[in-house]
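**Student:** First the structure, which I've put down as structure tokens, then a few questions once you've had a look.
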Amino acid sequence: MEVVRRSDDAHGLAVLPRRWVIERTFAWLLRSRRLVHDYERRPETGEAVIWWSMATLMSRRLAA
């Protein structure tokens, strides 16, 4: 992972490279209602819910 910083002379909205990929993935994950809020107490449980959500998304795409 690489942190992309804005330049000091930039004003307003600036498109950052490949940022849309992360934003799109977060949008896909937030389709699962359980991931909208942080209900999980253990990181392993949260990770399992993310895996479940992405598996559901991919299986729906393969079935279509």
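By convention here, the chains of the structure tokens are called A, B, ... in the order presented, each chain's residues are numbered starting at 1, and ligands are numbered starting at 1 in the order presented.
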Any chance you could list, as a ChimeraX atom specification, the residues in chain A that come up helix (DSSP H, G or I) when DSSP is run on the backbone?

**Tutor:** /A:19-29,33-35,43-63

**Student:** Counting only C-alpha atoms, what is within 7 Å of range 39-52 of chain A, bar same-chain residues fewer than 3 positions away, as number ranges by chain?

**Tutor:** A: 29, 55-56

**Student:** How would the residues just picked look written out with N, CA, C and O atoms as a PDB file, in the first residue's frame?

**Tutor:**
ATOM      1  N   LEU A  29     -18.435  -3.615  -0.392  1.00  0.00           N
ATOM      2  CA  LEU A  29     -18.482  -4.195   0.947  1.00  0.00           C
ATOM      3  C   LEU A  29     -19.638  -3.624   1.763  1.00  0.00           C
ATOM      4  O   LEU A  29     -20.278  -4.337   2.535  1.00  0.00           O
ATOM      5  N   ALA A  55     -17.455 -13.143  -1.161  1.00  0.00           N
ATOM      6  CA  ALA A  55     -17.829 -14.430  -1.755  1.00  0.00           C
ATOM      7  C   ALA A  55     -19.258 -14.388  -2.275  1.00  0.00           C
ATOM      8  O   ALA A  55     -19.557 -14.926  -3.351  1.00  0.00           O
ATOM      9  N   THR A  56     -20.142 -13.736  -1.538  1.00  0.00           N
ATOM     10  CA  THR A  56     -21.519 -13.582  -1.986  1.00  0.00           C
ATOM     11  C   THR A  56     -21.579 -12.756  -3.266  1.00  0.00           C
ATOM     12  O   THR A  56     -22.285 -13.105  -4.220  1.00  0.00           O
TER      13      THR A  56
END

**Student:** Got a sec: who's within 12 Å of Leu30 in chain A, counting only C-alpha atoms, leaving out chain neighbours fewer than 5 positions off, as a list in words?

**Tutor:**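 Contacts, with the query itself left out: Glu23, Arg24, Thr25, Leu35, Val36, His37, Asp38, Val49, Ile50, Ser53, Met54 and Leu57 of chain A.
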
**Student:** I need the residue nearest Arg19 in chain A from this list: A:Met58, A:Arg31, A:Ala63, A:Met1. Use only C-alpha atoms for the distance.

**Tutor:**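 With only C-alpha atoms as the atom set, the closest residue is A:Met1.
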